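Okay, input17.txt now, which holds compact mmCIF, C-alpha atoms:
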# COMPACT_ATOMS: atom_id res chain seq x y z
CA MET A 1 121.17 114.02 81.16
CA PHE A 2 121.33 111.59 78.22
CA THR A 3 120.96 107.83 78.13
CA GLU A 4 124.34 107.53 76.43
CA ASP A 5 125.91 108.82 79.66
CA LEU A 6 124.68 105.74 81.52
CA GLN A 7 127.19 102.97 82.18
CA LEU A 8 126.82 99.62 83.92
CA TYR A 9 129.83 98.05 85.63
CA LYS A 10 129.85 94.36 86.58
CA LEU A 11 131.63 92.55 89.40
CA THR A 12 131.62 88.73 89.59
CA ASN A 13 133.23 86.51 92.24
CA ALA A 14 134.20 82.82 92.06
CA ALA A 15 130.76 81.75 93.31
CA LYS A 16 129.26 83.46 90.22
CA THR A 17 127.57 86.08 92.38
CA THR A 18 127.21 89.12 90.13
CA LEU A 19 126.88 92.76 91.15
CA GLU A 20 125.96 95.48 88.65
CA ILE A 21 126.63 99.14 89.46
CA LEU A 22 125.07 102.01 87.49
CA ASN A 23 127.13 105.20 87.32
CA LEU A 24 124.01 107.35 87.82
CA GLY A 25 123.84 107.71 91.59
CA ALA A 26 126.56 105.04 92.05
CA THR A 27 123.54 102.76 92.12
CA ILE A 28 123.30 99.04 92.94
CA PHE A 29 121.42 98.01 89.80
CA SER A 30 121.27 94.26 90.46
CA LEU A 31 122.77 91.56 92.67
CA LYS A 32 122.40 87.97 91.49
CA ILE A 33 123.17 85.27 94.02
CA LYS A 34 122.50 81.51 94.22
CA ASP A 35 119.53 80.31 96.22
CA ALA A 36 119.24 76.92 97.96
CA GLU A 37 118.47 75.23 94.62
CA GLY A 38 121.58 76.65 93.01
CA ASN A 39 119.63 79.10 90.85
CA LEU A 40 120.94 82.64 90.40
CA ILE A 41 118.24 85.05 91.55
CA ASN A 42 118.28 88.85 91.61
CA VAL A 43 117.74 89.98 95.21
CA VAL A 44 117.66 93.69 94.27
CA VAL A 45 114.40 95.38 93.22
CA GLY A 46 114.54 98.28 90.77
CA PRO A 47 113.61 99.50 87.29
CA LYS A 48 114.20 96.91 84.58
CA ASN A 49 116.41 99.00 82.28
CA LYS A 50 119.13 101.52 83.03
CA GLU A 51 117.37 104.01 80.73
CA ASP A 52 114.38 103.96 83.08
CA TYR A 53 116.46 105.82 85.67
CA VAL A 54 116.42 109.02 83.60
CA ASN A 55 112.65 108.88 83.06
CA GLU A 56 111.28 112.21 84.27
CA GLU A 57 108.49 110.63 86.31
CA TYR A 58 110.99 108.34 88.01
CA ARG A 59 113.24 111.28 88.82
CA GLN A 60 110.33 113.26 90.24
CA LYS A 61 109.23 110.33 92.42
CA ASN A 62 112.78 110.18 93.85
CA MET A 63 112.41 106.52 94.87
CA CYS A 64 116.22 106.23 95.00
CA PHE A 65 116.38 102.59 93.89
CA GLY A 66 119.81 101.26 94.91
CA ALA A 67 121.27 104.76 94.97
CA SER A 68 123.97 106.45 97.00
CA ILE A 69 122.08 109.13 98.92
CA GLY A 70 123.32 112.56 99.99
CA ARG A 71 124.39 115.10 100.82
CA TYR A 72 122.01 114.34 103.67
CA ALA A 73 120.02 111.10 103.70
CA GLY A 74 116.61 111.37 105.31
CA ARG A 75 114.69 114.44 106.36
CA ILE A 76 115.74 117.86 107.64
CA SER A 77 112.79 119.76 109.08
CA GLU A 78 111.85 122.83 107.02
CA GLY A 79 115.21 122.50 105.28
CA GLU A 80 116.71 124.73 107.98
CA PHE A 81 119.51 124.36 110.53
CA ILE A 82 122.17 126.40 112.30
CA LEU A 83 125.85 125.72 111.65
CA ASP A 84 128.55 127.59 113.55
CA GLY A 85 126.01 130.22 114.57
CA LYS A 86 124.79 130.84 111.02
CA ALA A 87 121.24 129.99 109.90
CA LEU A 88 121.24 128.00 106.66
CA LYS A 89 118.39 127.10 104.33
CA LEU A 90 118.28 124.11 102.02
CA PHE A 91 115.87 123.18 99.26
CA GLN A 92 112.62 122.04 100.87
CA LYS A 93 109.24 120.80 99.72
CA ASN A 94 106.19 120.63 101.96
CA GLY A 95 108.28 121.44 105.01
CA VAL A 96 110.91 118.77 104.40
CA HIS A 97 114.39 118.63 102.89
CA LEU A 98 114.64 115.00 101.76
CA HIS A 99 117.63 112.93 100.58
CA GLY A 100 119.86 115.86 99.64
CA GLY A 101 117.26 118.02 97.95
CA LYS A 102 116.03 118.59 94.41
CA LYS A 103 119.17 117.10 92.89
CA GLY A 104 120.96 114.97 95.44
CA LEU A 105 123.99 112.78 94.81
CA GLN A 106 121.63 110.04 93.56
CA GLN A 107 120.88 112.15 90.48
CA LYS A 108 124.51 112.77 89.56
CA VAL A 109 126.61 110.74 87.14
CA TRP A 110 129.55 109.44 89.16
CA ASP A 111 133.02 108.96 87.68
CA MET A 112 134.60 105.52 87.74
CA ILE A 113 138.05 105.82 89.36
CA SER A 114 139.15 102.19 89.36
CA GLN A 115 137.89 98.65 88.97
CA THR A 116 139.50 95.32 89.88
CA LYS A 117 138.64 91.79 88.76
CA GLY A 118 139.62 88.35 90.03
CA ALA A 119 139.32 87.55 93.74
CA ASN A 120 137.23 90.07 95.72
CA PRO A 121 136.42 92.31 92.74
CA SER A 122 135.82 95.98 93.49
CA ILE A 123 134.98 99.32 91.99
CA ARG A 124 135.53 102.89 93.17
CA LEU A 125 133.43 105.85 91.97
CA SER A 126 133.41 109.53 92.85
CA CYS A 127 131.35 112.68 92.47
CA SER A 128 131.43 116.26 93.70
CA SER A 129 128.96 118.82 95.01
CA LYS A 130 129.85 122.50 94.71
CA ASP A 131 129.78 125.03 97.52
CA GLY A 132 126.20 126.29 97.88
CA GLU A 133 124.60 123.45 95.91
CA GLU A 134 121.11 122.81 97.32
CA GLY A 135 122.13 125.28 100.04
CA TYR A 136 124.95 123.22 101.56
CA PRO A 137 128.24 124.95 102.41
CA GLY A 138 131.57 123.64 101.13
CA ASN A 139 132.92 121.98 98.01
CA LEU A 140 132.33 118.32 98.81
CA ASN A 141 134.14 115.37 97.21
CA VAL A 142 132.57 111.94 97.74
CA GLU A 143 133.81 108.44 96.95
CA VAL A 144 132.16 105.05 97.23
CA PHE A 145 134.10 101.78 97.22
CA TYR A 146 132.14 98.60 96.45
CA THR A 147 133.75 95.21 97.10
CA LEU A 148 132.20 91.81 96.39
CA THR A 149 134.07 89.24 98.45
CA GLU A 150 134.49 85.54 97.79
CA GLU A 151 132.31 84.92 100.88
CA ASN A 152 129.36 86.73 99.24
CA GLU A 153 129.74 89.86 101.32
CA LEU A 154 128.95 93.17 99.65
CA LYS A 155 131.04 95.85 101.33
CA ILE A 156 130.25 99.52 100.81
CA GLU A 157 132.50 102.31 102.04
CA TYR A 158 131.58 105.97 101.66
CA THR A 159 134.19 108.66 102.27
CA ALA A 160 133.89 112.42 101.85
CA LYS A 161 135.88 115.62 102.38
CA SER A 162 134.85 119.28 102.32
CA ASP A 163 136.80 122.53 102.17
CA LYS A 164 134.32 124.17 104.57
CA GLN A 165 132.48 123.04 107.66
CA THR A 166 129.30 121.34 106.51
CA ILE A 167 126.85 118.58 107.42
CA ILE A 168 126.73 115.13 105.87
CA ASN A 169 124.82 111.88 106.12
CA LEU A 170 125.31 109.33 103.34
CA THR A 171 123.72 105.91 102.87
CA ASN A 172 122.76 103.31 100.31
CA HIS A 173 119.06 102.96 99.44
CA THR A 174 118.83 99.49 97.89
CA TYR A 175 115.45 97.74 97.83
CA PHE A 176 115.90 94.01 98.53
CA ASN A 177 113.73 90.93 98.11
CA LEU A 178 115.54 87.73 99.12
CA ASN A 179 113.02 85.57 97.24
CA GLY A 180 113.97 87.27 93.98
CA GLU A 181 110.25 87.69 93.31
CA GLY A 182 106.84 88.11 94.94
CA SER A 183 106.50 89.53 98.43
CA VAL A 184 108.77 89.93 101.47
CA LYS A 185 105.96 89.28 103.97
CA ASP A 186 107.41 85.83 104.68
CA HIS A 187 110.87 87.25 105.46
CA LYS A 188 111.94 87.10 109.10
CA LEU A 189 113.58 90.33 110.28
CA GLN A 190 115.70 91.08 113.33
CA ILE A 191 117.06 94.56 114.14
CA ASN A 192 119.35 95.03 117.13
CA ALA A 193 117.62 98.24 118.16
CA PRO A 194 115.45 98.67 121.29
CA LYS A 195 114.54 102.27 120.39
CA ILE A 196 113.32 104.34 117.42
CA LEU A 197 113.02 108.05 116.69
CA GLU A 198 109.63 109.62 117.33
CA VAL A 199 108.36 111.50 114.26
CA ASP A 200 105.55 113.89 113.39
CA SER A 201 102.96 113.57 110.62
CA LYS A 202 105.58 114.48 107.99
CA LEU A 203 108.00 111.85 109.34
CA ARG A 204 110.25 114.57 110.77
CA PRO A 205 112.01 113.59 114.02
CA THR A 206 110.70 115.41 117.09
CA GLY A 207 113.95 114.90 119.00
CA VAL A 208 112.51 112.15 121.21
CA ILE A 209 114.20 108.73 121.21
CA ARG A 210 111.60 106.32 122.50
CA ASP A 211 111.44 102.70 123.60
CA LEU A 212 110.15 100.20 121.08
CA ILE A 213 109.90 97.06 123.20
CA SER A 214 106.78 94.92 122.61
CA GLU A 215 105.35 97.15 119.88
CA GLU A 216 104.34 95.95 116.43
CA LYS A 217 107.50 97.42 114.90
CA ASP A 218 109.74 95.81 117.51
CA PHE A 219 112.14 93.49 115.67
CA LEU A 220 114.58 92.99 118.52
CA VAL A 221 113.58 89.31 118.33
CA SER A 222 113.33 87.85 114.83
CA LYS A 223 109.81 87.75 113.42
CA ARG A 224 107.96 87.74 110.11
CA ILE A 225 107.31 91.08 108.43
CA LYS A 226 103.73 90.06 107.56
CA ASN A 227 101.74 93.25 106.82
CA ILE A 228 103.77 95.75 108.83
CA ASN A 229 104.30 99.08 107.07
CA VAL A 230 107.61 100.47 108.33
CA ASP A 231 109.42 103.75 107.63
CA ASP A 232 111.36 104.33 110.83
CA THR A 233 114.81 105.15 112.20
CA TYR A 234 115.99 102.34 114.46
CA VAL A 235 118.61 103.37 117.02
CA LEU A 236 121.19 100.60 117.01
CA ASN A 237 122.56 98.82 120.05
CA GLN A 238 126.21 99.80 119.68
CA HIS A 239 127.33 96.81 121.77
CA ASN A 240 126.12 94.36 119.13
CA ASN A 241 128.35 93.65 116.14
CA ILE A 242 125.37 92.81 113.92
CA ALA A 243 122.94 95.65 113.16
CA ALA A 244 120.24 93.54 111.50
CA ARG A 245 119.57 90.22 109.84
CA ILE A 246 116.79 89.09 107.55
CA TYR A 247 115.98 85.62 106.24
CA SER A 248 113.83 84.08 103.50
CA SER A 249 112.65 80.52 104.16
CA LYS A 250 111.88 80.18 100.44
CA SER A 251 115.32 80.93 98.98
CA LYS A 252 117.12 80.01 102.25
CA ILE A 253 119.13 83.24 101.84
CA GLU A 254 120.04 85.21 104.95
CA MET A 255 121.33 88.78 104.77
CA ILE A 256 123.34 90.21 107.68
CA LEU A 257 123.89 93.96 107.99
CA LYS A 258 126.93 95.40 109.77
CA THR A 259 127.82 99.09 109.97
CA ASN A 260 129.76 101.74 111.86
CA GLN A 261 126.69 104.00 111.87
CA SER A 262 124.36 104.77 114.79
CA ALA A 263 121.07 103.96 113.09
CA VAL A 264 119.39 101.99 110.35
CA VAL A 265 116.41 103.51 108.58
CA THR A 266 114.13 100.59 107.85
CA PHE A 267 111.71 101.10 104.98
CA ILE A 268 109.18 98.39 104.11
CA PRO A 269 106.81 99.98 101.58
CA VAL A 270 103.29 98.61 101.23
CA GLN A 271 103.70 98.91 97.47
CA LEU A 272 105.80 100.46 94.73
CA PRO A 273 104.45 102.36 91.69
CA ASP A 274 102.59 99.60 89.85
CA HIS A 275 102.81 101.00 86.31
CA TRP A 276 106.61 100.75 86.14
CA GLU A 277 108.44 97.73 84.76
CA TYR A 278 110.72 96.11 87.31
CA ASN A 279 113.72 93.81 87.02
CA THR A 280 111.99 91.08 89.05
CA LYS A 281 108.42 89.79 89.27
CA ILE A 282 107.42 91.52 92.48
CA SER A 283 104.01 91.40 94.10
CA LYS A 284 101.83 94.48 94.41
CA LYS A 285 101.88 94.37 98.21
CA PHE A 286 105.06 94.43 100.32
CA PRO A 287 107.44 93.75 97.42
CA SER A 288 110.72 94.84 99.05
CA PHE A 289 112.58 96.21 102.06
CA CYS A 290 115.40 98.71 102.64
CA LEU A 291 117.96 98.69 105.46
CA GLU A 292 119.73 102.07 105.22
CA ALA A 293 122.68 102.42 107.62
CA GLN A 294 123.24 106.08 108.49
CA ASN A 295 123.20 108.84 111.10
CA PHE A 296 119.90 110.15 112.47
CA PRO A 297 117.68 112.18 110.12
CA ASP A 298 117.37 115.86 111.18
CA ALA A 299 120.45 115.55 113.40
CA PRO A 300 121.52 119.18 112.75
CA ASN A 301 118.38 120.35 114.58
CA HIS A 302 118.67 118.16 117.70
CA SER A 303 121.58 118.49 120.12
CA ASN A 304 120.84 115.06 121.64
CA PHE A 305 121.38 113.32 118.27
CA PRO A 306 124.84 112.22 117.07
CA SER A 307 126.61 115.09 115.33
CA SER A 308 126.46 115.23 111.53
CA ILE A 309 129.05 118.01 111.23
CA LEU A 310 132.02 117.47 108.94
CA ASN A 311 134.81 119.97 109.52
CA ALA A 312 136.99 121.23 106.69
CA GLY A 313 139.75 118.77 105.85
CA GLU A 314 138.28 115.93 107.93
CA THR A 315 137.25 112.63 106.36
CA TYR A 316 133.70 111.30 106.68
CA LEU A 317 133.39 107.50 106.75
CA ASN A 318 130.33 105.25 106.49
CA LYS A 319 130.98 101.50 106.36
CA ILE A 320 128.15 99.17 105.36
CA SER A 321 128.31 95.41 104.87
CA TYR A 322 125.61 93.08 103.52
CA LYS A 323 126.66 89.44 104.04
CA PHE A 324 124.66 86.73 102.25
CA ASN A 325 124.51 83.16 103.58
CA LEU A 326 122.54 80.04 102.71
CA VAL A 327 120.83 78.81 105.88
CA LYS A 328 118.54 75.81 106.34
CA ASP A 329 115.45 76.23 108.55
structure tokens encoding of this file:
Amino acid sequence: MFTEDLQLYKLTNAAKTTLEILNLGATIFSLKIKDAEGNLINVVVGPKNKEDYVNEEYRQKNMCFGASIGRYAGRISEGEFILDGKALKLFQKNGVHLHGGKKGLQQKVWDMISQTKGANPSIRLSCSSKDGEEGYPGNLNVEVFYTLTEENELKIEYTAKSDKQTIINLTNHTYFNLNGEGSVKDHKLQINAPKILEVDSKLRPTGVIRDLISEEKDFLVSKRIKNINVDDTYVLNQHNNIAARIYSSKSKIEMILKTNQSAVVTFIPVQLPDHWEYNTKISKKFPSFCLEAQNFPDAPNHSNFPSSILNAGETYLNKISYKFNLVKD
């Protein structure tokens, strides 16, 4: 891959909110939105320059900043599963197939299909994954449709089709910081999920869906993140229209997540690699958070999890919405 292959596409609405999309991984490169003082701040955390995304160390780390993840987001235990009675093996490392393997969709250059300007600007990109790539069956065609509405809502719609029965689980892996700098420890988070998936030492689901009420990682009622290290799959309450909301009292920006998916993988890293140059002045500790709407990790290996099977000719659909509001305390 060469740096000259990298392209940035920009969407701007009437409120001057600006979204930048990188064609590598159909990645959310930046999102600049006005805070309570009227200043445009970048609420997306990632490498400073688009060329940084092809840095070999970055690619090996597979941090997936802002990327479209697949073919299967999250972990598949031992990279093995049974599909239609046939045992299949995917690329795995240390007992885990993670985020689509050695070269997932996040490491592909996506093609720009169309782009609109004016009210509710949008962009559509696509990529393909060949039959047998990373061990997955079927020639898979994937599209993502980004829309930036006049109400400061970022809508993401993933669709996919395969010519063979396969498995699929796509998501977006954007790291956010609603302050535009520093830490997210002051952010107040609410997730409409009373349960999470139990995992083993390698963060592989055991198949148990357990209650979360009154634990440290329970965000059913809004509370500050503080020093809580989270990397968990929250099982959403399907009767609630809002999956999650998070608020910064500093910028007064609130982000509301809506989705048609059954779970949101919540990732609040203690720190990010500190020798990289980032696009915002983040703190060393708790600099960002991810809310990744998707199906359950390792679903192909657990009959009690929602099915991740995509039959030939069917259309996969993942709808994600991040709505940004200014809210006074």
Distance of atom CA of His187 of chain A from atom CA of Leu22 of chain A, expressed in Å to one decimal place: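 Here the two named atoms are 27.2 Å from each other.
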Selection: 12 Å around segment 278-287 of chain A, only C-alpha atoms, excl. self and same-chain fewer than 3 positions, as a compact mmCIF listing (two decimals) with C-alpha atoms, keeping the file's coordinate frame:
# COMPACT_ATOMS: atom_id res chain seq x y z
CA PHE A 29 121.42 98.01 89.80
CA SER A 30 121.27 94.26 90.46
CA LEU A 31 122.77 91.56 92.67
CA LYS A 32 122.40 87.97 91.49
CA ILE A 41 118.24 85.05 91.55
CA ASN A 42 118.28 88.85 91.61
CA VAL A 43 117.74 89.98 95.21
CA VAL A 44 117.66 93.69 94.27
CA VAL A 45 114.40 95.38 93.22
CA GLY A 46 114.54 98.28 90.77
CA PRO A 47 113.61 99.50 87.29
CA LYS A 48 114.20 96.91 84.58
CA ASN A 49 116.41 99.00 82.28
CA LYS A 50 119.13 101.52 83.03
CA ASP A 52 114.38 103.96 83.08
CA TYR A 53 116.46 105.82 85.67
CA PHE A 65 116.38 102.59 93.89
CA TYR A 175 115.45 97.74 97.83
CA PHE A 176 115.90 94.01 98.53
CA ASN A 177 113.73 90.93 98.11
CA LEU A 178 115.54 87.73 99.12
CA ASN A 179 113.02 85.57 97.24
CA GLY A 180 113.97 87.27 93.98
CA GLU A 181 110.25 87.69 93.31
CA GLY A 182 106.84 88.11 94.94
CA SER A 183 106.50 89.53 98.43
CA VAL A 184 108.77 89.93 101.47
CA LYS A 185 105.96 89.28 103.97
CA ASP A 186 107.41 85.83 104.68
CA HIS A 187 110.87 87.25 105.46
CA ILE A 225 107.31 91.08 108.43
CA LYS A 226 103.73 90.06 107.56
CA ASN A 227 101.74 93.25 106.82
CA ILE A 228 103.77 95.75 108.83
CA ASN A 229 104.30 99.08 107.07
CA VAL A 230 107.61 100.47 108.33
CA PHE A 267 111.71 101.10 104.98
CA ILE A 268 109.18 98.39 104.11
CA PRO A 269 106.81 99.98 101.58
CA VAL A 270 103.29 98.61 101.23
CA GLN A 271 103.70 98.91 97.47
CA LEU A 272 105.80 100.46 94.73
CA PRO A 273 104.45 102.36 91.69
CA ASP A 274 102.59 99.60 89.85
CA HIS A 275 102.81 101.00 86.31
CA CYS A 290 115.40 98.71 102.64
Point-to-point distance from atom CA of Thr315 of chain A to atom CA of Leu197 of chain A, Å rounded to tenths: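 Computing the Euclidean distance for atom CA of Thr315 of chain A and atom CA of Leu197 of chain A yields 26.7 Å.
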Residues within 9 Å of Leu140 of chain A, all atoms listed in the file, excluding chain neighbours under 6 positions, as a PyMOL selection string: chain A and resi 71+127-131+160-164+166
Thr149 of chain A environment, 8 Å, all atoms listed in the file, sequence neighbours closer than 3 positions dropped, as a PyMOL selection string: chain A and resi 13+119-121+152-155
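Comparing A:Val54, A:Lys195, A:Met112, A:Lys258 by their smallest distance to Asn241 of chain A, the closest is A:Lys258 (using all atoms listed in the file).
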Spatial sel., origin (111.1, 96.3, 121.8), limit 10 Å, all atoms listed in the file, listed as a list of chain:residue names: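 Neighbouring residues, ordered by chain and number, come to A:Ile191, A:Asn192, A:Ala193, A:Pro194, A:Lys195, A:Ile196, A:Asp211, A:Leu212, A:Ile213, A:Ser214, A:Glu215, A:Glu216, A:Lys217, A:Asp218, A:Phe219, A:Leu220, A:Val221.
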Closest of A:Ala244, A:Leu88, A:Ile123, A:Leu257 to Leu19 of chain A - atom-to-atom distances counting all atoms listed in the file: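 The closest residue to Leu19 of chain A is A:Ile123.
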Point-to-point distance from atom CA of Ala15 of chain A to atom CA of Glu151 of chain A, Å rounded to tenths: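 Interatomic distance here is 8.4 Å.
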Residues near Val144 of chain A, cut-off 9 Å, all atoms listed in the file, skip fewer than 3 positions along chain, as a list of chain:residue names: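 Near Val144 of chain A, the qualifying residues are A:Ala26, A:Ser68, A:Ile123, A:Arg124, A:Leu125, A:Ser126, A:Ile156, A:Glu157, A:Tyr158, A:Thr159, A:Ala160.
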Any chance you could work out the axis-aligned box around segment 35-52 of chain A, listed atoms only, 4 Å on each side, giving centre and edge lengths in Å to one decimal, as JSON?
{"center_x": 117.6, "center_y": 89.6, "center_z": 89.3, "size_x": 16.0, "size_y": 36.8, "size_z": 25.2}
Protein/DNA/RNA residues near (114.1, 115.7, 91.4), cut 9 Å, only C-alpha atoms, as a VMD selection string: chain A and resid 56 58 to 62 101 to 104 107
Spatial neighbours of Pro300 of chain A, 12 Å, only C-alpha atoms, chain gap at least 6 places, as a ChimeraX atom specification: /A:72,74-84,87-89,166-169,205,207,306-310
Residue completion, segment 193-210 of chain A, N, CA, C and O atoms, as a PDB file, in the frame of the given file:
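Listed below is the output, rebuild.pdb:
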ATOM      1  N   ALA A 193     117.950  96.854 117.795  1.00  0.00           N
ATOM      2  CA  ALA A 193     117.620  98.240 118.160  1.00  0.00           C
ATOM      3  C   ALA A 193     116.404  98.222 119.098  1.00  0.00           C
ATOM      4  O   ALA A 193     115.300  97.881 118.658  1.00  0.00           O
ATOM      5  N   PRO A 194     116.579  98.615 120.358  1.00  0.00           N
ATOM      6  CA  PRO A 194     115.450  98.670 121.290  1.00  0.00           C
ATOM      7  C   PRO A 194     114.686  99.982 121.238  1.00  0.00           C
ATOM      8  O   PRO A 194     113.664 100.131 121.901  1.00  0.00           O
ATOM      9  N   LYS A 195     115.175 100.949 120.430  1.00  0.00           N
ATOM     10  CA  LYS A 195     114.540 102.270 120.390  1.00  0.00           C
ATOM     11  C   LYS A 195     114.415 102.759 118.936  1.00  0.00           C
ATOM     12  O   LYS A 195     115.169 102.325 118.064  1.00  0.00           O
ATOM     13  N   ILE A 196     113.462 103.662 118.710  1.00  0.00           N
ATOM     14  CA  ILE A 196     113.320 104.340 117.420  1.00  0.00           C
ATOM     15  C   ILE A 196     113.145 105.827 117.665  1.00  0.00           C
ATOM     16  O   ILE A 196     112.916 106.265 118.798  1.00  0.00           O
ATOM     17  N   LEU A 197     113.258 106.611 116.591  1.00  0.00           N
ATOM     18  CA  LEU A 197     113.020 108.050 116.690  1.00  0.00           C
ATOM     19  C   LEU A 197     111.529 108.332 116.552  1.00  0.00           C
ATOM     20  O   LEU A 197     110.874 107.839 115.639  1.00  0.00           O
ATOM     21  N   GLU A 198     111.011 109.141 117.455  1.00  0.00           N
ATOM     22  CA  GLU A 198     109.630 109.620 117.330  1.00  0.00           C
ATOM     23  C   GLU A 198     109.572 110.637 116.207  1.00  0.00           C
ATOM     24  O   GLU A 198     110.472 111.472 116.064  1.00  0.00           O
ATOM     25  N   VAL A 199     108.514 110.574 115.384  1.00  0.00           N
ATOM     26  CA  VAL A 199     108.360 111.500 114.260  1.00  0.00           C
ATOM     27  C   VAL A 199     106.974 112.127 114.261  1.00  0.00           C
ATOM     28  O   VAL A 199     106.043 111.609 114.886  1.00  0.00           O
ATOM     29  N   ASP A 200     106.854 113.241 113.517  1.00  0.00           N
ATOM     30  CA  ASP A 200     105.550 113.890 113.390  1.00  0.00           C
ATOM     31  C   ASP A 200     104.834 113.370 112.143  1.00  0.00           C
ATOM     32  O   ASP A 200     105.259 112.383 111.534  1.00  0.00           O
ATOM     33  N   SER A 201     103.779 114.039 111.747  1.00  0.00           N
ATOM     34  CA  SER A 201     102.960 113.570 110.620  1.00  0.00           C
ATOM     35  C   SER A 201     103.703 113.604 109.288  1.00  0.00           C
ATOM     36  O   SER A 201     103.298 112.940 108.334  1.00  0.00           O
ATOM     37  N   LYS A 202     104.778 114.403 109.209  1.00  0.00           N
ATOM     38  CA  LYS A 202     105.580 114.480 107.990  1.00  0.00           C
ATOM     39  C   LYS A 202     106.856 113.634 108.093  1.00  0.00           C
ATOM     40  O   LYS A 202     107.777 113.809 107.311  1.00  0.00           O
ATOM     41  N   LEU A 203     106.870 112.749 109.092  1.00  0.00           N
ATOM     42  CA  LEU A 203     108.000 111.850 109.340  1.00  0.00           C
ATOM     43  C   LEU A 203     109.269 112.607 109.713  1.00  0.00           C
ATOM     44  O   LEU A 203     110.383 112.112 109.514  1.00  0.00           O
ATOM     45  N   ARG A 204     109.114 113.793 110.292  1.00  0.00           N
ATOM     46  CA  ARG A 204     110.250 114.570 110.770  1.00  0.00           C
ATOM     47  C   ARG A 204     110.492 114.239 112.244  1.00  0.00           C
ATOM     48  O   ARG A 204     109.552 114.272 113.051  1.00  0.00           O
ATOM     49  N   PRO A 205     111.728 113.896 112.621  1.00  0.00           N
ATOM     50  CA  PRO A 205     112.010 113.590 114.020  1.00  0.00           C
ATOM     51  C   PRO A 205     111.656 114.749 114.950  1.00  0.00           C
ATOM     52  O   PRO A 205     111.923 115.915 114.640  1.00  0.00           O
ATOM     53  N   THR A 206     111.060 114.403 116.086  1.00  0.00           N
ATOM     54  CA  THR A 206     110.700 115.410 117.090  1.00  0.00           C
ATOM     55  C   THR A 206     111.852 115.675 118.048  1.00  0.00           C
ATOM     56  O   THR A 206     111.816 116.648 118.801  1.00  0.00           O
ATOM     57  N   GLY A 207     112.852 114.806 118.054  1.00  0.00           N
ATOM     58  CA  GLY A 207     113.950 114.900 119.000  1.00  0.00           C
ATOM     59  C   GLY A 207     113.860 113.861 120.103  1.00  0.00           C
ATOM     60  O   GLY A 207     114.809 113.658 120.861  1.00  0.00           O
ATOM     61  N   VAL A 208     112.710 113.173 120.176  1.00  0.00           N
ATOM     62  CA  VAL A 208     112.510 112.150 121.210  1.00  0.00           C
ATOM     63  C   VAL A 208     112.972 110.788 120.690  1.00  0.00           C
ATOM     64  O   VAL A 208     112.623 110.372 119.586  1.00  0.00           O
ATOM     65  N   ILE A 209     113.790 110.115 121.494  1.00  0.00           N
ATOM     66  CA  ILE A 209     114.200 108.730 121.210  1.00  0.00           C
ATOM     67  C   ILE A 209     113.407 107.853 122.164  1.00  0.00           C
ATOM     68  O   ILE A 209     113.578 107.921 123.380  1.00  0.00           O
ATOM     69  N   ARG A 210     112.509 107.042 121.611  1.00  0.00           N
ATOM     70  CA  ARG A 210     111.600 106.320 122.500  1.00  0.00           C
ATOM     71  C   ARG A 210     111.788 104.809 122.428  1.00  0.00           C
ATOM     72  O   ARG A 210     112.265 104.261 121.434  1.00  0.00           O
TER      73      ARG A 210
END
